[in-house]
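For reference, the structure is listed below as structure tokens.
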Amino acid sequence: MRGWPREKVKMIDRSKLSNSFEFVVTAGARARQLLAGSTPRVTAGEHKKTTIAQREVITKQVEKIEKEESGK
């Protein structure tokens with residue numbers, strides 16, 4: 001809404017990410033968890049779930065989990 005004080009959200013500097021694709025996939029998966037009711041690991045404030053998920057990934061509050069390969 002116009003005129004309401006709101007914390008500024010900074011753009012993510014993709015040059016500092018080791019893998020932009022992995023960041024997007026991890027943040028997307030975390031955003032789905034947040035939408036399903038998971039508790040945020042960073043201060044949420046008035047931000048959208050996608051922004052919260054991105055913050056969590058950037059601050060390493062959540063990480064990608066590698067799938068285990070089944071041994072044969």
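Order determines the names: the first chain of the structure tokens is A, the second B, and so forth; residues in each chain are numbered 1 upward, and ligands are numbered 1 upward as they are shown.
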- [ ] Taking the DSSP assignment computed from this structure's backbone, write out as a VMD selection string all residues of chain A that belong to alpha helix (DSSP H).
- [x] chain A and resid 20 to 35 49 to 58
Output for the residues just chosen: C-alpha atoms as a CSV table (one decimal), in the first residue's frame:
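Just written: part-v7.csv:
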```csv
chain,number,residue,atom,x,y,z
A,20,SER,CA,22.3,-19.2,-9.3
A,21,PHE,CA,20.2,-22.2,-10.5
A,22,GLU,CA,20.7,-24.0,-7.2
A,23,PHE,CA,19.8,-20.9,-5.3
A,24,VAL,CA,16.5,-20.6,-7.2
A,25,VAL,CA,15.6,-24.2,-6.8
A,26,THR,CA,16.4,-24.2,-3.1
A,27,ALA,CA,14.6,-21.0,-2.4
A,28,GLY,CA,11.6,-22.2,-4.4
A,29,ALA,CA,11.4,-25.5,-2.4
A,30,ARG,CA,11.7,-23.5,0.9
A,31,ALA,CA,9.0,-21.1,-0.2
A,32,ARG,CA,6.6,-24.0,-0.8
A,33,GLN,CA,7.4,-25.3,2.7
A,34,LEU,CA,6.7,-21.8,4.2
A,35,LEU,CA,3.4,-21.7,2.3
A,49,LYS,CA,7.1,-16.1,1.7
A,50,THR,CA,9.3,-16.1,-1.4
A,51,THR,CA,11.4,-13.2,0.0
A,52,ILE,CA,11.7,-14.9,3.3
A,53,ALA,CA,12.8,-18.1,1.6
A,54,GLN,CA,15.5,-16.2,-0.4
A,55,ARG,CA,16.8,-14.6,2.8
A,56,GLU,CA,17.0,-18.0,4.5
A,57,VAL,CA,19.0,-19.4,1.7
A,58,ILE,CA,21.3,-16.4,1.5
```
TODO: Figure out the distance between CA of Ser18 in chain A and CA of Lys64 in chain A, please, to one decimal in Å.
DONE: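 So the two atoms, CA of Lys64 in chain A and CA of Ser18 in chain A, lie 12.8 Å apart.
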